[in-house]
Amino acid sequence: PPVLPGVEDVLLRWPSLFPELGAAIGSSMTINIEALVLSSLLALPLAYASRIPALAPIGRGLSQLRFLSPASFYIVLVFALQGGHAVKLWMLVLGMTFYLVTAMTNVVMNIPEESFDEARVMRMSPWQAMYYVVVRGTLADALEAIRDNAAIGWSMLMMVEGIVRSEGGVGVMLLNLQDRRMDYAAGY
């Protein structure tokens with residue numbers, strides 16, 4: 001079809017795409033890793049604390065926010081933060097935090113009571129039992145949830161980079177390609 005470029009067009013323009021594509025991938029990867037670290041630091045303590053009855057409503061409330069798009073917080077973040085990088089970062093952090101709290105709260109709440117009984121038999125204090133049973137006992141599940149959250153971050157990246165285009169990235173490149181009347185051979 002005339003919409004798609006020919007093989008010779010792609011091969012001729014392939015070397016010219018590397019500098020821009022490398023910079024875009026680097027920018028997107030950096031922002032995704034920053035958001036992943038921050039969301040993990042925020043979400044994991046909240047999810048672990050959901051085992052404490054007084055703090056459980058906080059985890060449940062945050063997990064309900066996963067149905068909101070991070071773009072709904074855009075205006076608040078624009079006025080609260082300085083610069084496009086911070087807005088883009090915190091939009092990603094919010095979205096990733098809501099999903100990570102949901103995943104880890106489910107893991108923590110499904111810990112069998114027998115695990116806590118074993119900790120009491122070994123004469124652990126309630127805080128020691130919380131550390132060994134909840135934090136260390138669910139470490140593999142936490143790493144799995146963080147890995148899933150990294151994929152969620154990549155899927156949200158196009159939306160976030162489309163809203164805040166100041167730093168570029170893969171999302172900006174894809175949106176620019178889409179805006180150029182489907183001329184895929186022209187590249188970025």
# chains A, B, ... in the order shown; residues from 1 in each chain; ligands from 1
$ residues_around --residues "segment 123-133 of chain A" --least-positions-apart "5" --cutoff "9 Å" --atoms "only C-alpha atoms" --output "mmCIF file with all heavy atoms, in the first residue's frame"
data_model
loop_
_atom_site.group_PDB
_atom_site.id
_atom_site.type_symbol
_atom_site.label_atom_id
_atom_site.label_comp_id
_atom_site.auth_asym_id
_atom_site.auth_seq_id
_atom_site.Cartn_x
_atom_site.Cartn_y
_atom_site.Cartn_z
ATOM 1 N N TYR A 48 2.495 -2.454 53.042
ATOM 2 C CA TYR A 48 2.848 -3.239 54.224
ATOM 3 C C TYR A 48 2.072 -2.773 55.443
ATOM 4 O O TYR A 48 1.691 -3.572 56.296
ATOM 5 C CB TYR A 48 4.349 -3.158 54.502
ATOM 6 C CG TYR A 48 5.206 -3.808 53.438
ATOM 7 C CD1 TYR A 48 6.456 -3.304 53.127
ATOM 8 C CD2 TYR A 48 4.781 -4.930 52.751
ATOM 9 C CE1 TYR A 48 7.253 -3.899 52.165
ATOM 10 C CE2 TYR A 48 5.568 -5.525 51.776
ATOM 11 C CZ TYR A 48 6.799 -4.997 51.490
ATOM 12 O OH TYR A 48 7.583 -5.587 50.530
ATOM 13 N N ARG A 51 -1.644 -4.012 56.757
ATOM 14 C CA ARG A 51 -1.895 -5.116 57.681
ATOM 15 C C ARG A 51 -2.271 -4.595 59.070
ATOM 16 O O ARG A 51 -2.899 -5.302 59.855
ATOM 17 C CB ARG A 51 -0.626 -5.989 57.754
ATOM 18 C CG ARG A 51 -0.793 -7.292 58.413
ATOM 19 C CD ARG A 51 -1.619 -8.221 57.557
ATOM 20 N NE ARG A 51 -1.913 -9.418 58.329
ATOM 21 C CZ ARG A 51 -2.467 -10.487 57.847
ATOM 22 N NH1 ARG A 51 -2.806 -10.537 56.596
ATOM 23 N NH2 ARG A 51 -2.688 -11.514 58.602
ATOM 24 N N ILE A 111 -1.711 -13.104 53.228
ATOM 25 C CA ILE A 111 -0.747 -13.880 54.016
ATOM 26 C C ILE A 111 -1.539 -14.735 55.007
ATOM 27 O O ILE A 111 -2.386 -14.214 55.740
ATOM 28 C CB ILE A 111 0.233 -12.955 54.769
ATOM 29 C CG1 ILE A 111 1.080 -12.167 53.775
ATOM 30 C CG2 ILE A 111 1.120 -13.761 55.720
ATOM 31 C CD1 ILE A 111 1.959 -11.116 54.425
ATOM 32 N N SER A 115 1.306 -18.080 59.375
ATOM 33 C CA SER A 115 2.641 -17.470 59.340
ATOM 34 C C SER A 115 2.853 -16.587 60.559
ATOM 35 O O SER A 115 3.936 -16.575 61.152
ATOM 36 C CB SER A 115 2.819 -16.649 58.071
ATOM 37 O OG SER A 115 2.677 -17.460 56.926
ATOM 38 N N PHE A 116 1.826 -15.854 60.954
ATOM 39 C CA PHE A 116 1.931 -15.014 62.151
ATOM 40 C C PHE A 116 1.942 -15.870 63.410
ATOM 41 O O PHE A 116 2.614 -15.539 64.391
ATOM 42 C CB PHE A 116 0.785 -13.998 62.192
ATOM 43 C CG PHE A 116 0.910 -12.946 61.135
ATOM 44 C CD1 PHE A 116 0.167 -13.016 59.973
ATOM 45 C CD2 PHE A 116 1.793 -11.887 61.300
ATOM 46 C CE1 PHE A 116 0.289 -12.054 59.004
ATOM 47 C CE2 PHE A 116 1.926 -10.919 60.328
ATOM 48 C CZ PHE A 116 1.175 -10.997 59.171
ATOM 49 N N GLU A 118 3.289 -18.844 63.626
ATOM 50 C CA GLU A 118 4.659 -19.356 63.702
ATOM 51 C C GLU A 118 5.603 -18.311 64.278
ATOM 52 O O GLU A 118 6.493 -18.631 65.075
ATOM 53 C CB GLU A 118 5.147 -19.776 62.322
ATOM 54 C CG GLU A 118 4.486 -21.011 61.773
ATOM 55 C CD GLU A 118 4.887 -21.282 60.325
ATOM 56 O OE1 GLU A 118 5.825 -20.626 59.823
ATOM 57 O OE2 GLU A 118 4.247 -22.150 59.718
ATOM 58 N N THR A 138 7.233 -11.543 51.751
ATOM 59 C CA THR A 138 6.607 -11.205 50.468
ATOM 60 C C THR A 138 7.583 -10.528 49.503
ATOM 61 O O THR A 138 7.156 -9.898 48.533
ATOM 62 C CB THR A 138 5.398 -10.275 50.683
ATOM 63 O OG1 THR A 138 5.851 -9.064 51.286
ATOM 64 C CG2 THR A 138 4.345 -10.930 51.552
#
$ residues_around --residues "segment 18-33 of chain A" --least-positions-apart "4" --cutoff "12 Å" --atoms "only C-alpha atoms" --output "PyMOL selection string"
chain A and resi 13-14+37-40+84-93+95-96+146-147+149-162+165-174+187-188
$ closest_residue --among "A:Val107, A:Ala35, A:Leu4, A:Val134" --to "Ala119 of chain A" --atoms "only C-alpha atoms"
A:Val134
$ atom_distance --atom1 "atom CA of Ile52 of chain A" --atom2 "atom CA of Asp141 of chain A"
19.3 Å
